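Taking it in order: structure first as structure tokens, then the write-up.
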Amino acid sequence: MMSVCSLFSVDRNKSGRWDVAEVFVHSKVLVVDDRVTVIGSANVNDRSFVGFSDSEIGAMLRDGGDGSIREFRLRLWRQFLGLSPDGNTDDAVLDPASDVAFDAWKDVASGNQTLLSSVTSFTPRDSITSYSQIQNLRKEYNALSPAEKAASFVEPERLKGMQGQLVKFPTKFLGDQKKRSLTTKLVDSFDLAKPIFL
């Protein structure tokens, strides 16, 4: 199972205007069977792997029988999926490899992507097929005054419906680039359209 998603932050700023921002996280996390996690900074590119360019750090943690790795994953998923921080809504995601967990992940990610695409003009979507197109959209948006930014959102109050931070990454986004997008390559390389929960 595999899913390619991004994280977005949606909230009101001090002036009351809605803000939408992609969350860029530099750390990478791999959780295996709720017993081992690897957390690090290395990217899958030459700069991280050749050994003489970027400096990277990583740590591997093993569960000592206390459920700490599972709780770590659940805390991340609560934030990403918009579940209750106290864990009383964890039932759907207790088993990360279950169809129930996949459905919860898929439903939140797809719902959030649909919501953001219907309210904003600049979040990733299949209709944005080139870097120049997304750069122009972002440039146009960033050049707007705060009042114009607020007016550019379509029914921004609907952003209250954003659940967590998880947003499905559209598979055709930037698809017209000469170099095919990593998302498209990944999706095309798998027979199943189910996510891998990492």
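We name chains A, B, ... following the order of the structure tokens; residues begin at 1 in each chain, and ligands are numbered from 1 as shown.
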Which residues in stretch 55-166 of chain A does DSSP call strand (DSSP E)? List them as an MDAnalysis selection string. chainID A and resid 58:62 166
As an MDAnalysis selection string, please: all residues of chain A that backbone DSSP puts in alpha helix (DSSP H). chainID A and resid 46:49 68:81 99:119 131:142 146:152 182:188
Same residues, C-alpha atoms, output as a short mmCIF file (atom, residue, chain, number, x, y, z; two decimals), in the first residue's frame:
```cif
data_model
loop_
_atom_site.label_atom_id
_atom_site.label_comp_id
_atom_site.auth_asym_id
_atom_site.auth_seq_id
_atom_site.Cartn_x
_atom_site.Cartn_y
_atom_site.Cartn_z
CA ASP A 46 23.52 12.39 -4.26
CA ARG A 47 24.01 15.34 -1.91
CA SER A 48 22.95 13.23 1.06
CA PHE A 49 24.53 9.92 0.05
CA SER A 68 6.78 4.03 23.03
CA ILE A 69 7.25 3.64 19.26
CA ARG A 70 3.57 2.85 18.76
CA GLU A 71 2.61 5.88 20.85
CA PHE A 72 5.04 8.00 18.79
CA ARG A 73 3.32 6.89 15.55
CA LEU A 74 -0.13 7.44 17.03
CA ARG A 75 0.80 10.97 18.14
CA LEU A 76 1.95 11.78 14.58
CA TRP A 77 -1.17 10.26 13.05
CA ARG A 78 -3.44 12.12 15.47
CA GLN A 79 -1.91 15.38 14.27
CA PHE A 80 -1.91 14.43 10.58
CA LEU A 81 -5.46 12.99 10.60
CA ASP A 99 -7.94 -1.61 5.54
CA VAL A 100 -9.69 0.48 8.18
CA ALA A 101 -6.54 2.55 8.76
CA PHE A 102 -5.99 2.86 5.01
CA ASP A 103 -9.54 4.07 4.53
CA ALA A 104 -9.18 6.63 7.34
CA TRP A 105 -5.88 7.89 5.85
CA LYS A 106 -7.28 8.01 2.30
CA ASP A 107 -10.55 9.68 3.32
CA VAL A 108 -8.87 12.46 5.30
CA ALA A 109 -6.18 13.10 2.67
CA SER A 110 -8.65 13.14 -0.24
CA GLY A 111 -11.21 15.23 1.63
CA ASN A 112 -8.61 17.82 2.59
CA GLN A 113 -7.26 17.98 -0.98
CA THR A 114 -10.75 18.53 -2.36
CA LEU A 115 -11.44 21.21 0.24
CA LEU A 116 -8.20 23.14 -0.34
CA SER A 117 -8.58 22.96 -4.12
CA SER A 118 -12.10 24.35 -3.92
CA VAL A 119 -11.16 27.27 -1.63
CA TYR A 131 6.43 24.49 -12.57
CA SER A 132 5.88 27.81 -14.32
CA GLN A 133 2.13 27.54 -13.75
CA ILE A 134 2.44 26.93 -9.99
CA GLN A 135 5.16 29.58 -9.66
CA ASN A 136 2.94 32.13 -11.41
CA LEU A 137 -0.04 31.26 -9.24
CA ARG A 138 2.02 31.58 -6.05
CA LYS A 139 3.68 34.79 -7.27
CA GLU A 140 0.29 36.32 -8.08
CA TYR A 141 -1.08 35.28 -4.68
CA ASN A 142 1.95 36.55 -2.75
CA PRO A 146 -3.96 41.01 2.81
CA ALA A 147 -7.48 42.11 1.84
CA GLU A 148 -7.02 40.80 -1.72
CA LYS A 149 -5.68 37.50 -0.37
CA ALA A 150 -8.77 37.14 1.81
CA ALA A 151 -11.02 37.94 -1.14
CA SER A 152 -9.26 35.38 -3.37
CA LEU A 182 8.30 11.85 -8.61
CA THR A 183 4.67 11.31 -7.58
CA THR A 184 3.71 10.14 -11.07
CA LYS A 185 6.75 7.84 -11.27
CA LEU A 186 5.93 6.31 -7.89
CA VAL A 187 2.24 5.82 -8.63
CA ASP A 188 2.97 4.38 -12.10
#
```
Residue nearest A:Val20 - candidates A:Leu159, A:Val4, A:Val167, A:Ala92, atoms counted: only C-alpha atoms: A:Leu159
Residues near A:Asp126, anyone? I mean within 7 Å using only C-alpha atoms, not counting same-chain ones fewer than 6 positions away, as an NGL selection string. :A and (170-173)
How would the residues just picked look written out with N, CA and C atoms as a JSON list (two decimals), in the first residue's frame?
```
[["chain", "number", "residue", "atom", "x", "y", "z"],
["A", 170, "PRO", "N", -1.74, 15.29, -5.55],
["A", 170, "PRO", "CA", -2.34, 14.91, -6.83],
["A", 170, "PRO", "C", -1.33, 14.22, -7.75],
["A", 171, "THR", "N", -1.72, 13.12, -8.35],
["A", 171, "THR", "CA", -0.80, 12.32, -9.16],
["A", 171, "THR", "C", -0.43, 12.96, -10.48],
["A", 172, "LYS", "N", -1.24, 13.88, -10.98],
["A", 172, "LYS", "CA", -0.93, 14.54, -12.26],
["A", 172, "LYS", "C", -0.34, 15.93, -12.07],
["A", 173, "PHE", "N", -0.18, 16.36, -10.83],
["A", 173, "PHE", "CA", 0.41, 17.67, -10.53],
["A", 173, "PHE", "C", 1.79, 17.75, -11.16]]
```
Which of A:Glu157, A:Glu56, A:Asp86, A:Asp66 sits closest to A:Asp19 [using only C-alpha atoms]: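 Of A:Glu157, A:Glu56, A:Asp86, A:Asp66, the one nearest A:Asp19 is A:Glu157, counting only C-alpha atoms.
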Show which residues sit within 10 Å of A:Ser9, as a PyMOL selection string. Count only C-alpha atoms, and ignore same-chain residues fewer than 4 positions away. chain A and resi 19-23+162+164-166
Between A:Phe52, A:Phe8, A:Trp18, A:Phe122, which is the closest to A:Lys160 once you count only C-alpha atoms?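 Among the listed residues, A:Trp18 lies closest to A:Lys160.
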What gap, in Å, lies between atom CA of A:Asp34 and atom CA of A:Gly82? 20.0 Å
One decimal place gives the atom CA of A:Thr37-atom CA of A:Ser98 separation as 19.2 Å
